[in-house]
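Asker: Here it is, the structure in full.
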Amino acid sequence: MSLKDNIDMVKEELNSEEKFFEKAVITEKFIKKYKKPLIGLVVAIVLIVAADIGYGINKQNTIDTANQTLKELEANPLDTVAMERLNSLSPELHDVWLYSQAVANKNAQELEKLSNSKALLVGDMAQYEAAELNNDEKMLQSYVKKQDAIYKDLALVEVAIIAMNDGRIDEAHANLSMISEQSPMANVAKSLMHYGVK
């Protein structure tokens, strides 16, 4: 290697070291200038992460406690203290518990109360079950008119049967014809139209 090559190589190394030190000085100035905002940002991030972890732990603890309370209610359904605790921990789970008990005990009054429940599906199912237990044609027709009713086709069959029993064949036929071909109740509707509604 020639002397000129050696000198060029040393110059390049000095240039790269100079650039490194220049960047270090710029970074140091930046940190000194924005020291307080950077510290605040780091503290804020730590607090947000800690709060999120705390929220997750608290939520899981609430779920675990609600599940334990539900087990207590399964052992003793008449435990009013456990019922109140479950209602305060998880109102939706409380409504599901009340619904299951009302269906098991065929308690139409309790089901009517639950028809306004905020718990997913409980209000809809409770409204249908109450109408079905009471064999109430008006309640069933009101249920059928609800958009996205879960048991709509089953309620239509029940309304048709009530109409058949009262001799209102045309009304029964009209209710059965509202059941779509893709419905699981389609075969029941066809059978009723063929054998029961003439």
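We name chains A, B, ... following the order of the structure tokens; residues begin at 1 in each chain, and ligands are numbered from 1 as shown.
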When DSSP is applied to the backbone of this structure, which of segment 10-157 of chain A are assigned alpha helix (DSSP H)? Write them out as a ChimeraX atom specification.
Answerer: /A:10-33,35-75,80-89,91-105,108-114,122-134,137-144,152-157
Asker: Show me, as a list of chain:residue names, the residues that have an atom within 12 Å of Glu112 of chain A when counting only C-alpha atoms, minus same-chain residues fewer than 5 positions from it.
Answerer: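 My reading of the contact set: A:Leu98, A:Tyr99, A:Ala102, A:Val103, A:Lys106, A:Asn107, A:Ser117, A:Val122, A:Gly123, A:Asp124, A:Met125, A:Ala126, A:Gln127, A:Tyr128, A:Glu129, A:Ala130, A:Ala131, A:Glu132, A:Leu133, A:Asn134, A:Met139.
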Asker: Which residue is closest to Leu93 of chain A? Choose from A:Asn67, A:Lys35, A:Lys190, A:Tyr55 and count only C-alpha atoms.
Answerer: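 That would be A:Asn67, the residue with the smallest distance to Leu93 of chain A.
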Asker: Of the candidates A:Leu70, A:Ile26, A:Val43, A:Met164, which one gets nearest to Ala82 of chain A if we count only C-alpha atoms?
Answerer: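 Of A:Leu70, A:Ile26, A:Val43, A:Met164, the one nearest Ala82 of chain A is A:Leu70, counting only C-alpha atoms.
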Asker: May I have the residues within 9 Å of Lys118 of chain A as a ChimeraX atom specification, using only C-alpha atoms and disregarding those fewer than 6 positions away in the same chain?
Answerer: /A:91-92,95
Asker: Determine the nearest neighbour of Leu78 of chain A from the options A:Gln101, A:Ser115, A:Asn187, A:Gln141, counting only C-alpha atoms.
Answerer: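 The answer is A:Gln101, which sits nearest to Leu78 of chain A.
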